[in-house]
Amino acid sequence: MKKIGILHGQERTFPQAFVERVNSKNVEGIHAEPVRIDKVMQGVATDYAVIIDRISQDVPFYRAYLKNAAICGTAVINNPFWWSADEKFFNNCLATKINVPVPKTVILPSRDLPTDTSENSFANLAYPLDWENIFKYIGFPAYMKPFAGGGWKNVYKLNSVEDFFDKHAETGQLVMLLQEEIVFDEYYRCYCIGGKYVRIMPYEPRNPHHLRYVASFSPSPERLQQMEEIVLRINKYLGYDFNTVELALRDGVPYAIDFCNPAPDADRNSVGEENFAWVVETAANYAIEKALTYVEGKDNLTWGEYIKRGANKEPLF
Ligand SMILES: Nc1ncnc2c1ncn2[C@@H]1O[C@H](COP(=O)(O)OP(=O)(O)O)[C@@H](O)[C@H]1O
Ligand SMILES: [Mg+2]
């Protein structure tokens, strides 16, 4: 029996539907259930061939559990090592090297000193920073958001230098990105599962939350193909099995805005019935695929092109 587990937090629609869908397929030797942990011992394998991780970003204990599971052979979706290394600024840096258009972006040191540091800890930072050139590069309006974050938390739209300093003063120890605004004609949120299944969802972020997925953009087949190609390239390089990419279309160019979402919102009530059905079905099929190809005791993780090419000293692109 190869078990598929799902590790989740407060979610109450996707995990349950996922487990039911896998089991309803009656694939011989495959069974899905919510992960159950009652002890974690170093170097000891879990019962799971596959685990879908929806929550370790918020629970460091789970992240450590998953790394141990992975080294003992579990195919963890997504790779917990890469997820630990990744953040939004690096994603943008990578995008610039693999021909994916992204808004001009800089990263800023946190406004307040990190806990357990003092001003003496920062001999390497120039005070003040070169604000003039930073603002010249980014322009206004601009977006400011945490370099590692999600759920639209602490995302600011800024109209001027004064506005920037006002809002940056509120951000405490958060490390923020400052980013060119992409004034878009259309916007898409794209699921990518297994590095190969893509669902491009018209999305209107300017609508209230419950109406964001009722956008009426209808992209041409060429546009869809172009966006799909970008989504696949991003996920192939990052090595995510499960991720969403947000694309903002400006003058026919899809800019990648937010593509570090390894536990993307999949709630029935936010994504809507049709998208929900696709995610449940596709995640179930992919988890079964991973379980069927799972080899006991071997590394069954997905690794991205960035890591693979780096380890092999091959050109990145
Ligand atoms: N550079 C940008 N240009 C235009 N809109 C942006 C930009 N950055 C963020 N936004 C808007 O803010 C929203 C939230 O930002 P996002 O980067 O997706 O953060 P989160 O990870 O919190 O979802 C996006 O869905 C988009 O509508
Ligand atoms: Mg987003």
# chains A, B, ... in the order shown; residues from 1 in each chain; ligands from 1
call {"tool": "residues_near_ligand", "arguments": {"ligand": "ligand 1", "cutoff": "8 Å", "atoms": "only C-alpha atoms and all ligand atoms", "output": "count of residues only"}}
result
32
call {"tool": "closest_atom_pairs", "arguments": {"of": "stretch 29-107 of chain A", "to": "stretch 305-309 of chain A", "cutoff": "12 Å", "atoms": "only C-alpha atoms", "output": "Markdown table"}}
result
| residue | atom | partner | partner_atom | distance |
| --- | --- | --- | --- | --- |
| A:Asn79 | CA | A:Ile307 | CA | 11.8 |
| A:Phe81 | CA | A:Ile307 | CA | 10.8 |
| A:Trp82 | CA | A:Ile307 | CA | 8.7 |
| A:Ala85 | CA | A:Ile307 | CA | 10.9 |
| A:Asp86 | CA | A:Tyr306 | CA | 11.4 |
| A:Phe90 | CA | A:Tyr306 | CA | 11.3 |
| A:Asn91 | CA | A:Tyr306 | CA | 10.7 |
| A:Cys93 | CA | A:Tyr306 | CA | 11.6 |
| A:Leu94 | CA | A:Tyr306 | CA | 8.3 |
| A:Ala95 | CA | A:Tyr306 | CA | 10.8 |
| A:Lys97 | CA | A:Tyr306 | CA | 10.4 |
| A:Ile98 | CA | A:Tyr306 | CA | 9.9 |
call {"tool": "atom_distance", "arguments": {"atom1": "atom CA of A:Tyr203", "atom2": "atom CA of A:Leu247"}}
result
9.5 Å
call {"tool": "closest_residue", "arguments": {"among": "A:Glu289, A:Glu314, A:Asp265, A:Glu274", "to": "ligand 2", "atoms": "only C-alpha atoms and all ligand atoms"}}
result
A:Asp265
call {"tool": "select_by_dssp", "arguments": {"residues": "stretch 18-260 of chain A", "states": "helix (DSSP H, G or I)", "output": "ChimeraX atom specification"}}
result
/A:18-24,60-71,80-85,88-97,119-122,131-138,161-168,209-214,221-238
call {"tool": "write_last_selection", "arguments": {"atoms": "C-alpha atoms", "output": "mmCIF file, in the first residue's frame"}}
result
data_model
loop_
_atom_site.group_PDB
_atom_site.id
_atom_site.type_symbol
_atom_site.label_atom_id
_atom_site.label_comp_id
_atom_site.auth_asym_id
_atom_site.auth_seq_id
_atom_site.Cartn_x
_atom_site.Cartn_y
_atom_site.Cartn_z
ATOM 1 C CA PHE A 18 -8.471 15.917 -2.375
ATOM 2 C CA VAL A 19 -8.534 12.875 -0.060
ATOM 3 C CA GLU A 20 -11.996 11.890 -1.254
ATOM 4 C CA ARG A 21 -11.055 12.284 -4.904
ATOM 5 C CA VAL A 22 -7.929 10.154 -4.668
ATOM 6 C CA ASN A 23 -9.793 7.411 -2.827
ATOM 7 C CA SER A 24 -12.786 7.548 -5.162
ATOM 8 C CA PRO A 60 8.614 25.231 11.351
ATOM 9 C CA PHE A 61 8.087 21.875 13.119
ATOM 10 C CA TYR A 62 6.258 20.592 10.026
ATOM 11 C CA ARG A 63 9.022 21.857 7.735
ATOM 12 C CA ALA A 64 11.592 19.856 9.744
ATOM 13 C CA TYR A 65 9.304 16.796 9.745
ATOM 14 C CA LEU A 66 9.010 17.052 5.945
ATOM 15 C CA LYS A 67 12.764 17.317 5.379
ATOM 16 C CA ASN A 68 13.241 14.147 7.413
ATOM 17 C CA ALA A 69 10.404 12.474 5.487
ATOM 18 C CA ALA A 70 12.044 13.546 2.215
ATOM 19 C CA ILE A 71 15.487 12.188 3.035
ATOM 20 C CA PRO A 80 10.767 21.461 1.450
ATOM 21 C CA PHE A 81 14.453 22.279 0.862
ATOM 22 C CA TRP A 82 13.780 24.521 -2.096
ATOM 23 C CA TRP A 83 10.798 26.114 -0.407
ATOM 24 C CA SER A 84 13.042 26.988 2.562
ATOM 25 C CA ALA A 85 15.586 28.648 0.269
ATOM 26 C CA LYS A 88 10.073 36.561 -3.867
ATOM 27 C CA PHE A 89 13.200 38.577 -4.491
ATOM 28 C CA PHE A 90 15.228 35.568 -5.571
ATOM 29 C CA ASN A 91 12.357 34.505 -7.826
ATOM 30 C CA ASN A 92 12.527 37.861 -9.565
ATOM 31 C CA CYS A 93 16.315 37.644 -9.854
ATOM 32 C CA LEU A 94 15.974 34.209 -11.459
ATOM 33 C CA ALA A 95 13.271 35.505 -13.814
ATOM 34 C CA THR A 96 15.696 38.138 -15.151
ATOM 35 C CA LYS A 97 18.095 35.323 -16.142
ATOM 36 C CA GLU A 119 23.418 49.523 14.841
ATOM 37 C CA ASN A 120 26.903 48.073 15.241
ATOM 38 C CA SER A 121 25.740 45.011 13.328
ATOM 39 C CA PHE A 122 25.337 46.992 10.114
ATOM 40 C CA TRP A 131 17.368 56.529 -2.504
ATOM 41 C CA GLU A 132 17.629 58.877 -5.444
ATOM 42 C CA ASN A 133 18.715 56.144 -7.827
ATOM 43 C CA ILE A 134 16.381 53.579 -6.264
ATOM 44 C CA PHE A 135 13.369 55.846 -6.848
ATOM 45 C CA LYS A 136 14.589 56.804 -10.322
ATOM 46 C CA TYR A 137 14.810 53.115 -11.245
ATOM 47 C CA ILE A 138 11.415 52.074 -9.822
ATOM 48 C CA VAL A 161 8.586 59.458 -2.102
ATOM 49 C CA GLU A 162 6.766 60.893 0.951
ATOM 50 C CA ASP A 163 4.210 58.128 0.744
ATOM 51 C CA PHE A 164 7.038 55.584 0.579
ATOM 52 C CA PHE A 165 8.773 56.847 3.734
ATOM 53 C CA ASP A 166 5.430 57.097 5.603
ATOM 54 C CA LYS A 167 4.445 53.530 4.786
ATOM 55 C CA HIS A 168 7.917 52.042 5.080
ATOM 56 C CA HIS A 209 -12.365 39.359 -2.886
ATOM 57 C CA HIS A 210 -15.406 37.226 -3.770
ATOM 58 C CA LEU A 211 -15.580 38.626 -7.329
ATOM 59 C CA ARG A 212 -11.924 38.363 -8.321
ATOM 60 C CA TYR A 213 -12.382 35.195 -10.349
ATOM 61 C CA VAL A 214 -15.305 36.521 -12.362
ATOM 62 C CA PRO A 221 -4.987 31.091 -28.334
ATOM 63 C CA GLU A 222 -1.568 32.714 -29.017
ATOM 64 C CA ARG A 223 -1.735 34.669 -25.771
ATOM 65 C CA LEU A 224 -2.733 31.554 -23.848
ATOM 66 C CA GLN A 225 0.179 29.666 -25.329
ATOM 67 C CA GLN A 226 2.578 32.487 -24.482
ATOM 68 C CA MET A 227 1.357 32.599 -20.883
ATOM 69 C CA GLU A 228 1.442 28.834 -20.516
ATOM 70 C CA GLU A 229 5.014 28.786 -21.748
ATOM 71 C CA ILE A 230 6.029 31.391 -19.147
ATOM 72 C CA VAL A 231 4.226 29.542 -16.353
ATOM 73 C CA LEU A 232 5.912 26.262 -17.278
ATOM 74 C CA ARG A 233 9.346 27.824 -17.543
ATOM 75 C CA ILE A 234 9.059 29.494 -14.139
ATOM 76 C CA ASN A 235 7.967 26.295 -12.430
ATOM 77 C CA LYS A 236 10.508 24.136 -14.210
ATOM 78 C CA TYR A 237 13.314 26.387 -12.993
ATOM 79 C CA LEU A 238 11.956 26.729 -9.466
#
call {"tool": "residues_around", "arguments": {"residues": "A:Ile200", "least_positions_apart": "4", "cutoff": "7 Å", "atoms": "only C-alpha atoms", "output": "PyMOL selection string"}}
result
chain A and resi 188-191
call {"tool": "closest_atom_pairs", "arguments": {"of": "stretch 224-278 of chain A", "to": "stretch 6-12 of chain A", "cutoff": "12 Å", "atoms": "only C-alpha atoms", "output": "Markdown table"}}
result
| residue | atom | partner | partner_atom | distance |
| --- | --- | --- | --- | --- |
| A:Ala263 | CA | A:His8 | CA | 9.5 |
| A:Pro264 | CA | A:Glu11 | CA | 11.4 |
| A:Asp265 | CA | A:Glu11 | CA | 9.3 |
| A:Ala266 | CA | A:Glu11 | CA | 8.8 |
| A:Asp267 | CA | A:Glu11 | CA | 7.3 |
| A:Arg268 | CA | A:Arg12 | CA | 9.2 |
| A:Asn269 | CA | A:Arg12 | CA | 10.4 |
| A:Ser270 | CA | A:Glu11 | CA | 11.9 |
call {"tool": "write_last_selection", "arguments": {"atoms": "N, CA and C atoms", "output": "JSON list (two decimals), in the first residue's frame"}}
result
[["chain", "number", "residue", "atom", "x", "y", "z"],
["A", 263, "ALA", "N", 1.88, 27.10, -1.52],
["A", 263, "ALA", "CA", 0.62, 26.58, -0.96],
["A", 263, "ALA", "C", -0.49, 27.54, -1.39],
["A", 264, "PRO", "N", -0.76, 27.58, -2.70],
["A", 264, "PRO", "CA", -1.68, 28.60, -3.20],
["A", 264, "PRO", "C", -3.11, 28.39, -2.71],
["A", 265, "ASP", "N", -3.81, 29.49, -2.59],
["A", 265, "ASP", "CA", -5.22, 29.44, -2.21],
["A", 265, "ASP", "C", -5.96, 28.49, -3.15],
["A", 266, "ALA", "N", -6.61, 27.49, -2.56],
["A", 266, "ALA", "CA", -7.37, 26.55, -3.39],
["A", 266, "ALA", "C", -8.76, 26.38, -2.77],
["A", 267, "ASP", "N", -9.18, 27.36, -2.01],
["A", 267, "ASP", "CA", -10.46, 27.22, -1.32],
["A", 267, "ASP", "C", -11.62, 27.35, -2.31],
["A", 268, "ARG", "N", -12.56, 26.43, -2.18],
["A", 268, "ARG", "CA", -13.74, 26.42, -3.06],
["A", 268, "ARG", "C", -14.41, 27.79, -3.08],
["A", 269, "ASN", "N", -14.48, 28.42, -1.91],
["A", 269, "ASN", "CA", -15.21, 29.69, -1.81],
["A", 269, "ASN", "C", -14.46, 30.86, -2.43],
["A", 270, "SER", "N", -13.16, 30.76, -2.61],
["A", 270, "SER", "CA", -12.50, 31.88, -3.28],
["A", 270, "SER", "C", -12.24, 31.60, -4.76]]
call {"tool": "decode", "arguments": {"residues": "stretch 197-219 of chain A", "atoms": "N, CA and C atoms", "output": "PDB file, in the first residue's frame"}}
result
ATOM      1  N   TYR A 197       0.781  20.608 -15.767  1.00  0.00           N
ATOM      2  CA  TYR A 197      -0.643  20.909 -15.923  1.00  0.00           C
ATOM      3  C   TYR A 197      -0.876  22.364 -15.545  1.00  0.00           C
ATOM      4  N   VAL A 198      -1.414  23.130 -16.499  1.00  0.00           N
ATOM      5  CA  VAL A 198      -1.571  24.579 -16.273  1.00  0.00           C
ATOM      6  C   VAL A 198      -3.035  24.971 -16.419  1.00  0.00           C
ATOM      7  N   ARG A 199      -3.506  25.780 -15.507  1.00  0.00           N
ATOM      8  CA  ARG A 199      -4.845  26.342 -15.659  1.00  0.00           C
ATOM      9  C   ARG A 199      -4.751  27.856 -15.516  1.00  0.00           C
ATOM     10  N   ILE A 200      -5.096  28.543 -16.581  1.00  0.00           N
ATOM     11  CA  ILE A 200      -4.981  30.002 -16.612  1.00  0.00           C
ATOM     12  C   ILE A 200      -6.339  30.609 -16.269  1.00  0.00           C
ATOM     13  N   MET A 201      -6.395  31.320 -15.164  1.00  0.00           N
ATOM     14  CA  MET A 201      -7.683  31.834 -14.687  1.00  0.00           C
ATOM     15  C   MET A 201      -7.707  33.359 -14.775  1.00  0.00           C
ATOM     16  N   PRO A 202      -8.603  33.903 -15.588  1.00  0.00           N
ATOM     17  CA  PRO A 202      -8.752  35.357 -15.575  1.00  0.00           C
ATOM     18  C   PRO A 202      -9.078  35.803 -14.146  1.00  0.00           C
ATOM     19  N   TYR A 203      -8.442  36.900 -13.729  1.00  0.00           N
ATOM     20  CA  TYR A 203      -8.517  37.320 -12.328  1.00  0.00           C
ATOM     21  C   TYR A 203      -8.526  38.832 -12.330  1.00  0.00           C
ATOM     22  N   GLU A 204      -9.426  39.419 -11.580  1.00  0.00           N
ATOM     23  CA  GLU A 204      -9.481  40.882 -11.530  1.00  0.00           C
ATOM     24  C   GLU A 204      -9.174  41.327 -10.112  1.00  0.00           C
ATOM     25  N   PRO A 205      -7.887  41.617  -9.826  1.00  0.00           N
ATOM     26  CA  PRO A 205      -7.535  41.950  -8.436  1.00  0.00           C
ATOM     27  C   PRO A 205      -8.172  43.242  -7.956  1.00  0.00           C
ATOM     28  N   ARG A 206      -8.700  44.050  -8.898  1.00  0.00           N
ATOM     29  CA  ARG A 206      -9.309  45.312  -8.472  1.00  0.00           C
ATOM     30  C   ARG A 206     -10.742  45.103  -7.982  1.00  0.00           C
ATOM     31  N   ASN A 207     -11.299  43.887  -8.163  1.00  0.00           N
ATOM     32  CA  ASN A 207     -12.632  43.572  -7.635  1.00  0.00           C
ATOM     33  C   ASN A 207     -12.550  43.185  -6.164  1.00  0.00           C
ATOM     34  N   PRO A 208     -13.691  43.268  -5.438  1.00  0.00           N
ATOM     35  CA  PRO A 208     -13.694  42.730  -4.073  1.00  0.00           C
ATOM     36  C   PRO A 208     -13.403  41.227  -4.092  1.00  0.00           C
ATOM     37  N   HIS A 209     -12.879  40.726  -2.980  1.00  0.00           N
ATOM     38  CA  HIS A 209     -12.365  39.359  -2.886  1.00  0.00           C
ATOM     39  C   HIS A 209     -13.250  38.313  -3.578  1.00  0.00           C
ATOM     40  N   HIS A 210     -14.542  38.307  -3.279  1.00  0.00           N
ATOM     41  CA  HIS A 210     -15.406  37.226  -3.770  1.00  0.00           C
ATOM     42  C   HIS A 210     -15.689  37.333  -5.276  1.00  0.00           C
ATOM     43  N   LEU A 211     -15.293  38.465  -5.887  1.00  0.00           N
ATOM     44  CA  LEU A 211     -15.580  38.626  -7.329  1.00  0.00           C
ATOM     45  C   LEU A 211     -14.313  38.607  -8.185  1.00  0.00           C
ATOM     46  N   ARG A 212     -13.183  38.267  -7.573  1.00  0.00           N
ATOM     47  CA  ARG A 212     -11.924  38.363  -8.321  1.00  0.00           C
ATOM     48  C   ARG A 212     -11.832  37.354  -9.456  1.00  0.00           C
ATOM     49  N   TYR A 213     -12.477  36.219  -9.304  1.00  0.00           N
ATOM     50  CA  TYR A 213     -12.382  35.195 -10.349  1.00  0.00           C
ATOM     51  C   TYR A 213     -13.492  35.306 -11.390  1.00  0.00           C
ATOM     52  N   VAL A 214     -14.265  36.378 -11.345  1.00  0.00           N
ATOM     53  CA  VAL A 214     -15.305  36.521 -12.362  1.00  0.00           C
ATOM     54  C   VAL A 214     -14.882  37.509 -13.446  1.00  0.00           C
ATOM     55  N   ALA A 215     -13.594  37.706 -13.613  1.00  0.00           N
ATOM     56  CA  ALA A 215     -13.082  38.595 -14.664  1.00  0.00           C
ATOM     57  C   ALA A 215     -13.465  38.038 -16.028  1.00  0.00           C
ATOM     58  N   SER A 216     -13.684  38.945 -16.990  1.00  0.00           N
ATOM     59  CA  SER A 216     -14.186  38.477 -18.282  1.00  0.00           C
ATOM     60  C   SER A 216     -13.134  38.522 -19.388  1.00  0.00           C
ATOM     61  N   PHE A 217     -11.836  38.544 -19.033  1.00  0.00           N
ATOM     62  CA  PHE A 217     -10.806  38.574 -20.080  1.00  0.00           C
ATOM     63  C   PHE A 217     -10.890  37.293 -20.890  1.00  0.00           C
ATOM     64  N   SER A 218     -10.779  37.425 -22.231  1.00  0.00           N
ATOM     65  CA  SER A 218     -10.778  36.193 -23.031  1.00  0.00           C
ATOM     66  C   SER A 218      -9.569  36.200 -23.959  1.00  0.00           C
ATOM     67  N   PRO A 219      -8.445  35.669 -23.478  1.00  0.00           N
ATOM     68  CA  PRO A 219      -7.195  35.711 -24.227  1.00  0.00           C
ATOM     69  C   PRO A 219      -7.252  34.883 -25.503  1.00  0.00           C
TER      70      PRO A 219
END
